[in-house]
file input_37.cif (mmCIF, C-alpha atoms)
data_target
#
loop_
_atom_site.label_atom_id
_atom_site.label_comp_id
_atom_site.auth_asym_id
_atom_site.auth_seq_id
_atom_site.Cartn_x
_atom_site.Cartn_y
_atom_site.Cartn_z
CA MET R 1 10.13 7.20 -3.30
CA PRO R 2 9.22 9.88 -0.72
CA LYS R 3 6.17 11.96 -1.47
CA VAL R 4 8.27 15.10 -1.12
CA TYR R 5 9.19 14.81 -4.77
CA ALA R 6 5.51 15.31 -5.63
CA ARG R 7 4.96 18.23 -3.26
CA ARG R 8 5.48 21.85 -4.06
CA ARG R 9 8.85 22.78 -2.58
CA LEU R 10 8.78 25.32 0.20
CA SER R 11 10.61 28.59 -0.36
CA ILE R 12 12.86 29.10 2.65
CA LEU R 13 14.88 32.28 3.05
CA ALA R 14 18.30 31.80 4.65
CA ALA R 15 18.49 34.14 7.62
CA PHE R 16 20.17 34.54 10.93
CA THR R 17 18.37 32.96 13.87
CA GLY R 18 18.87 36.08 15.95
CA LEU R 19 19.86 34.00 18.94
CA ILE R 20 22.91 35.62 20.50
CA ALA R 21 24.21 34.25 23.81
CA MET R 22 26.44 36.13 26.21
CA ALA R 23 28.32 33.01 27.27
CA GLY R 24 31.25 31.71 25.26
CA VAL R 25 34.51 29.90 25.63
CA PHE R 26 36.48 33.11 25.26
CA ASN R 27 35.90 36.81 25.78
CA GLY R 28 35.32 38.09 22.28
CA PRO R 29 32.65 38.67 19.65
CA THR R 30 30.18 35.87 19.07
CA ALA R 31 28.61 34.78 15.81
CA SER R 32 25.09 33.50 15.25
CA ALA R 33 24.63 30.35 13.19
CA ALA R 34 22.74 31.00 9.98
CA LEU R 35 20.45 27.99 9.93
CA PRO R 36 17.78 28.61 7.28
CA THR R 37 14.82 29.98 9.22
CA PRO R 38 12.40 27.17 10.14
CA VAL R 39 8.65 27.41 9.69
CA SER R 40 6.59 29.02 12.44
CA ALA R 41 5.44 27.02 15.47
CA ALA R 42 1.87 27.11 14.17
CA THR R 43 2.94 25.70 10.81
CA ALA R 44 5.11 23.11 12.53
CA ARG R 45 2.14 21.96 14.61
CA THR R 46 0.11 21.56 11.42
CA TYR R 47 2.93 19.64 9.75
CA LEU R 48 3.41 17.40 12.77
CA ALA R 49 -0.27 16.46 12.83
CA SER R 50 0.04 15.21 9.25
CA LEU R 51 3.11 13.02 9.76
CA ASP R 52 2.69 9.25 9.86
CA VAL R 53 3.36 7.66 13.24
CA ALA R 54 5.29 4.43 12.78
CA THR R 55 7.70 2.09 14.55
CA GLU R 56 11.26 2.73 13.42
CA SER R 57 13.66 0.14 12.01
CA ARG R 58 17.46 0.42 11.83
CA THR R 59 17.79 -2.75 9.72
CA GLY R 60 20.31 -2.34 6.90
CA TYR R 61 21.54 1.11 7.90
CA ASP R 62 25.02 2.18 6.83
CA ARG R 63 26.20 5.78 6.95
CA ASP R 64 27.91 5.29 3.59
CA LEU R 65 24.45 5.04 2.04
CA PHE R 66 24.22 8.83 2.61
CA PRO R 67 27.20 10.23 0.65
CA THR R 68 28.83 13.30 2.26
CA TRP R 69 30.27 15.80 1.62
CA ILE R 70 29.63 16.98 -1.96
CA THR R 71 30.70 20.12 -3.81
CA ILE R 72 28.22 22.93 -3.14
CA SER R 73 29.86 25.96 -4.68
CA GLY R 74 33.23 26.47 -6.37
CA THR R 75 35.80 24.51 -4.38
CA CYS R 76 33.59 24.39 -1.26
CA ASN R 77 32.09 21.11 -0.13
CA THR R 78 29.07 20.94 2.17
CA ARG R 79 31.04 21.19 5.41
CA GLU R 80 33.07 24.13 4.17
CA TYR R 81 29.97 25.86 2.83
CA VAL R 82 28.17 25.60 6.19
CA LEU R 83 31.26 26.75 8.12
CA LYS R 84 31.42 29.87 5.93
CA ARG R 85 27.67 30.44 6.24
CA ASP R 86 27.50 29.99 10.01
CA GLY R 87 30.64 31.86 11.03
CA THR R 88 31.67 35.48 11.38
CA ASN R 89 34.74 36.92 9.63
CA VAL R 90 35.55 33.52 8.17
CA VAL R 91 38.72 33.46 6.06
CA THR R 92 39.29 30.54 3.70
CA ASN R 93 42.19 29.44 1.55
CA SER R 94 42.07 28.47 -2.14
CA ALA R 95 40.75 25.02 -1.18
CA CYS R 96 37.88 26.64 0.79
CA THR R 97 39.31 25.45 4.11
CA ALA R 98 38.46 27.86 6.93
CA THR R 99 41.72 29.26 8.31
CA SER R 100 40.21 31.73 10.77
CA GLY R 101 36.89 33.08 12.00
CA SER R 102 34.50 32.65 14.91
CA TRP R 103 31.53 30.38 15.32
CA TYR R 104 28.72 30.52 17.87
CA SER R 105 27.16 27.14 18.65
CA VAL R 106 23.43 27.58 19.21
CA TYR R 107 23.17 24.17 20.88
CA ASP R 108 25.30 25.08 23.90
CA GLY R 109 26.14 28.80 23.71
CA ALA R 110 29.87 28.31 23.15
CA THR R 111 31.97 30.36 20.74
CA TRP R 112 34.95 28.88 18.90
CA THR R 113 37.78 30.30 16.79
CA ALA R 114 39.03 27.03 15.26
CA ALA R 115 36.94 25.26 12.62
CA SER R 116 38.23 21.94 13.95
CA ASP R 117 36.11 22.49 17.08
CA LEU R 118 32.92 22.43 14.98
CA ASP R 119 30.92 19.53 13.61
CA ILE R 120 28.28 19.99 10.94
CA ASP R 121 25.21 18.46 12.53
CA HIS R 122 22.49 16.78 10.51
CA LEU R 123 19.62 18.16 12.55
CA VAL R 124 17.56 15.09 11.62
CA PRO R 125 20.34 12.48 11.88
CA LEU R 126 21.05 10.22 8.93
CA ALA R 127 20.26 7.08 10.94
CA GLU R 128 17.01 8.65 12.14
CA ALA R 129 16.07 9.42 8.54
CA TRP R 130 16.83 5.82 7.57
CA ASP R 131 14.67 4.54 10.42
CA SER R 132 11.73 6.69 9.38
CA GLY R 133 11.59 6.26 5.62
CA ALA R 134 14.91 6.95 3.89
CA SER R 135 15.67 3.24 3.65
CA ALA R 136 13.30 3.24 0.66
CA TRP R 137 15.08 6.08 -1.11
CA THR R 138 17.67 5.92 -3.86
CA THR R 139 21.28 6.76 -3.06
CA ALA R 140 20.87 10.02 -4.98
CA GLN R 141 17.93 11.00 -2.76
CA ARG R 142 19.88 10.14 0.39
CA GLN R 143 22.82 12.20 -0.87
CA ALA R 144 20.51 15.18 -1.43
CA PHE R 145 19.20 14.83 2.14
CA ALA R 146 22.67 14.52 3.66
CA ASN R 147 23.88 17.68 1.91
CA ASP R 148 20.73 19.83 2.06
CA VAL R 149 21.72 23.44 2.68
CA THR R 150 18.29 24.81 1.72
CA ARG R 151 16.17 23.28 4.46
CA PRO R 152 17.08 23.87 8.17
CA GLN R 153 18.95 20.56 8.26
CA LEU R 154 22.67 21.40 8.55
CA ILE R 155 24.30 23.59 11.20
CA ALA R 156 27.79 24.12 12.63
CA VAL R 157 27.86 23.28 16.35
CA THR R 158 30.33 22.30 19.07
CA ASP R 159 31.78 18.96 18.09
CA ASN R 160 31.39 17.10 21.39
CA VAL R 161 27.82 18.34 21.78
CA ASN R 162 27.00 16.98 18.35
CA GLN R 163 28.68 13.70 19.30
CA SER R 164 26.59 13.48 22.47
CA LYS R 165 23.48 13.90 20.34
CA SER R 166 24.58 11.10 18.00
CA ASP R 167 21.49 9.73 16.17
CA GLN R 168 18.93 10.52 18.87
CA ASP R 169 15.56 12.13 18.24
CA PRO R 170 14.04 14.90 20.41
CA ALA R 171 12.45 12.37 22.79
CA GLU R 172 15.98 11.26 23.62
CA TRP R 173 18.06 14.43 23.19
CA MET R 174 17.51 18.17 23.03
CA PRO R 175 20.07 21.00 22.76
CA PRO R 176 21.56 21.87 26.18
CA LEU R 177 20.71 25.55 25.55
CA THR R 178 17.00 25.40 26.33
CA SER R 179 16.33 28.76 24.66
CA TYR R 180 16.98 27.03 21.34
CA ALA R 181 14.35 24.32 21.89
CA CYS R 182 11.60 25.97 19.83
CA THR R 183 13.83 26.63 16.85
CA TYR R 184 15.18 23.08 17.02
CA VAL R 185 11.81 21.33 16.99
CA ARG R 186 10.38 23.67 14.34
CA ALA R 187 13.33 22.76 12.11
CA TRP R 188 13.02 19.06 12.95
CA VAL R 189 9.35 18.93 11.99
CA GLN R 190 9.92 20.96 8.82
CA VAL R 191 12.63 18.58 7.61
CA LYS R 192 10.58 15.49 8.44
CA TYR R 193 7.56 16.94 6.67
CA TYR R 194 9.49 18.02 3.59
CA TYR R 195 11.05 14.57 3.18
CA ASP R 196 7.85 12.73 4.15
CA LEU R 197 9.53 10.93 7.05
CA SER R 198 7.52 9.30 9.83
CA VAL R 199 7.77 9.92 13.57
CA ASP R 200 7.54 7.39 16.38
CA SER R 201 5.07 7.91 19.21
CA ALA R 202 7.57 9.14 21.81
CA GLU R 203 9.11 11.54 19.29
CA LYS R 204 5.71 12.98 18.38
CA THR R 205 4.80 13.43 22.05
CA LYS R 206 8.00 15.35 22.73
CA LEU R 207 7.67 17.50 19.62
CA SER R 208 4.06 18.33 20.50
CA SER R 209 5.03 19.21 24.05
CA VAL R 210 7.78 21.62 23.03
CA LEU R 211 5.73 23.19 20.23
CA SER R 212 2.84 23.83 22.61
CA GLY R 213 5.08 26.24 24.49
CA CYS R 214 6.46 28.04 21.43
#
call {"tool": "encode", "arguments": {"input": "input_37.cif", "output": "structure tokens"}}
result
Amino acid sequence: MPKVYARRRLSILAAFTGLIAMAGVFNGPTASAALPTPVSAATARTYLASLDVATESRTGYDRDLFPTWITISGTCNTREYVLKRDGTNVVTNSACTATSGSWYSVYDGATWTAASDLDIDHLVPLAEAWDSGASAWTTAQRQAFANDVTRPQLIAVTDNVNQSKSDQDPAEWMPPLTSYACTYVRAWVQVKYYYDLSVDSAEKTKLSSVLSGC
């Protein structure tokens, strides 16, 4: 059982990242994704120093061990909740499906007007979590991780960018929009710390390198 369940939970205020890019896939208003604000770079550096460094193991991993999506509010499941949170002027039907709106993807600076063009990224991928400690969790704990809208763990981004990321850690993949690097690694470290997940040596080196410039 991860030590997070013995720690005092951090109080994170959901806020806009404030990152607005001028580039988009169409000429129109852009929206800023409302990822819950990560901890500061200084706090992230402190958190990172406390994380265990360990070799990762993918043995036994199955995505179905992390149930998604669950009902978050009313008729809205996790995906629908994040699409509403991260978009601008989002209109939904009675089933909470987004029928219109605009979404700005902080990973690549693109703006979209169809929800089908967005994936909900697990910032710390499910397979990465499994590799670094979640294999020892219960299914209920893995479900909570996979649907966590309180920590900076879920965000609506361009679907093919999310697919290119796959289950890679920051040593292997970083958002194409380099101006988002600091926010990304601060969020990554916060999630790993909260859930008491380990890091591998290459991952820690990359995180340290990016945080040193934040």
call {"tool": "closest_atom_pairs", "arguments": {"input": "input_37.cif", "of": "region 135-174 of chain R", "to": "region 187-210 of chain R", "cutoff": "8 Å", "atoms": "only C-alpha atoms", "output": "CSV"}}
result
residue,atom,partner,partner_atom,distance
R:Arg151,CA,R:Val191,CA,6.7
R:Pro152,CA,R:Ala187,CA,5.6
R:Gln153,CA,R:Val191,CA,6.7
R:Asp169,CA,R:Glu203,CA,6.6
R:Pro170,CA,R:Glu203,CA,6.1
R:Ala171,CA,R:Glu203,CA,4.9
call {"tool": "resolve_selection", "arguments": {"input": "input_37.cif", "expression": "the PyMOL selection byres ((chain R and resi 68) around 9)", "output": "list in words"}}
result
Asp64, Phe66, Pro67, Trp69, Ile70, Asn77, Thr78, Arg79, Gln143, Ala146 and Asn147 of chain R
call {"tool": "atom_distance", "arguments": {"input": "input_37.cif", "atom1": "CA of Ala144 (chain R)", "atom2": "CA of Leu126 (chain R)"}}
result
11.5 Å
call {"tool": "resolve_selection", "arguments": {"input": "input_37.cif", "expression": "the PyMOL selection byres ((chain R and resi 176) around 7)", "output": "compact mmCIF listing (two decimals) with C-alpha atoms, in the frame of the given file"}}
result
# COMPACT_ATOMS: atom_id res chain seq x y z
CA TYR R 107 23.17 24.17 20.88
CA ASP R 108 25.30 25.08 23.90
CA MET R 174 17.51 18.17 23.03
CA PRO R 175 20.07 21.00 22.76
CA LEU R 177 20.71 25.55 25.55
CA THR R 178 17.00 25.40 26.33
call {"tool": "closest_residue", "arguments": {"input": "input_37.cif", "among": "R:Val124, R:Leu51, R:Ile155, R:Ala134", "to": "Arg85 (chain R)", "atoms": "only C-alpha atoms"}}
result
R:Ile155
call {"tool": "atom_distance", "arguments": {"input": "input_37.cif", "atom1": "CA of Trp112 (chain R)", "atom2": "CA of Asn162 (chain R)"}}
result
14.3 Å
call {"tool": "resolve_selection", "arguments": {"input": "input_37.cif", "expression": "the PyMOL selection byres ((chain R and resi 39) around 9)", "output": "VMD selection string"}}
result
chain R and resid 12 37 to 38 40 to 44 183 186 to 187 189 to 190
call {"tool": "build_atoms", "arguments": {"input": "input_37.cif", "residues": "region 162-178 of chain R", "atoms": "N, CA, C and O atoms", "output": "mmCIF file, in the frame of the given file"}}
result
data_model
loop_
_atom_site.group_PDB
_atom_site.id
_atom_site.type_symbol
_atom_site.label_atom_id
_atom_site.label_comp_id
_atom_site.auth_asym_id
_atom_site.auth_seq_id
_atom_site.Cartn_x
_atom_site.Cartn_y
_atom_site.Cartn_z
ATOM 1 N N ASN R 162 27.564 17.742 19.454
ATOM 2 C CA ASN R 162 27.000 16.980 18.350
ATOM 3 C C ASN R 162 27.221 15.475 18.554
ATOM 4 O O ASN R 162 26.336 14.656 18.281
ATOM 5 N N GLN R 163 28.384 15.119 19.058
ATOM 6 C CA GLN R 163 28.680 13.700 19.300
ATOM 7 C C GLN R 163 27.817 13.133 20.415
ATOM 8 O O GLN R 163 27.428 11.962 20.375
ATOM 9 N N SER R 164 27.478 13.961 21.401
ATOM 10 C CA SER R 164 26.590 13.480 22.470
ATOM 11 C C SER R 164 25.173 13.284 21.961
ATOM 12 O O SER R 164 24.442 12.418 22.448
ATOM 13 N N LYS R 165 24.791 14.070 20.967
ATOM 14 C CA LYS R 165 23.480 13.900 20.340
ATOM 15 C C LYS R 165 23.424 12.588 19.572
ATOM 16 O O LYS R 165 22.432 11.853 19.638
ATOM 17 N N SER R 166 24.492 12.313 18.805
ATOM 18 C CA SER R 166 24.580 11.100 18.000
ATOM 19 C C SER R 166 23.370 11.021 17.054
ATOM 20 O O SER R 166 23.079 11.971 16.331
ATOM 21 N N ASP R 167 22.633 9.901 17.084
ATOM 22 C CA ASP R 167 21.490 9.730 16.170
ATOM 23 C C ASP R 167 20.164 9.787 16.905
ATOM 24 O O ASP R 167 19.161 9.253 16.444
ATOM 25 N N GLN R 168 20.136 10.482 18.045
ATOM 26 C CA GLN R 168 18.930 10.520 18.870
ATOM 27 C C GLN R 168 17.905 11.529 18.368
ATOM 28 O O GLN R 168 18.248 12.573 17.819
ATOM 29 N N ASP R 169 16.633 11.207 18.603
ATOM 30 C CA ASP R 169 15.560 12.130 18.240
ATOM 31 C C ASP R 169 15.219 13.000 19.452
ATOM 32 O O ASP R 169 15.780 12.810 20.543
ATOM 33 N N PRO R 170 14.318 13.984 19.305
ATOM 34 C CA PRO R 170 14.040 14.900 20.410
ATOM 35 C C PRO R 170 13.484 14.255 21.680
ATOM 36 O O PRO R 170 13.565 14.858 22.761
ATOM 37 N N ALA R 171 12.902 13.066 21.574
ATOM 38 C CA ALA R 171 12.450 12.370 22.790
ATOM 39 C C ALA R 171 13.624 11.889 23.618
ATOM 40 O O ALA R 171 13.482 11.635 24.818
ATOM 41 N N GLU R 172 14.790 11.792 22.968
ATOM 42 C CA GLU R 172 15.980 11.260 23.620
ATOM 43 C C GLU R 172 17.051 12.322 23.877
ATOM 44 O O GLU R 172 17.881 12.180 24.780
ATOM 45 N N TRP R 173 17.031 13.390 23.084
ATOM 46 C CA TRP R 173 18.060 14.430 23.190
ATOM 47 C C TRP R 173 17.505 15.755 22.690
ATOM 48 O O TRP R 173 16.834 15.806 21.664
ATOM 49 N N MET R 174 17.820 16.808 23.454
ATOM 50 C CA MET R 174 17.510 18.170 23.030
ATOM 51 C C MET R 174 18.745 19.028 23.269
ATOM 52 O O MET R 174 19.569 18.704 24.136
ATOM 53 N N PRO R 175 18.908 20.137 22.543
ATOM 54 C CA PRO R 175 20.070 21.000 22.760
ATOM 55 C C PRO R 175 20.168 21.451 24.211
ATOM 56 O O PRO R 175 19.153 21.800 24.825
ATOM 57 N N PRO R 176 21.380 21.426 24.795
ATOM 58 C CA PRO R 176 21.560 21.870 26.180
ATOM 59 C C PRO R 176 21.063 23.299 26.427
ATOM 60 O O PRO R 176 20.581 23.616 27.510
ATOM 61 N N LEU R 177 21.187 24.177 25.417
ATOM 62 C CA LEU R 177 20.710 25.550 25.550
ATOM 63 C C LEU R 177 19.202 25.548 25.328
ATOM 64 O O LEU R 177 18.721 25.507 24.189
ATOM 65 N N THR R 178 18.451 25.582 26.416
ATOM 66 C CA THR R 178 17.000 25.400 26.330
ATOM 67 C C THR R 178 16.305 26.506 25.538
ATOM 68 O O THR R 178 15.217 26.292 25.003
#
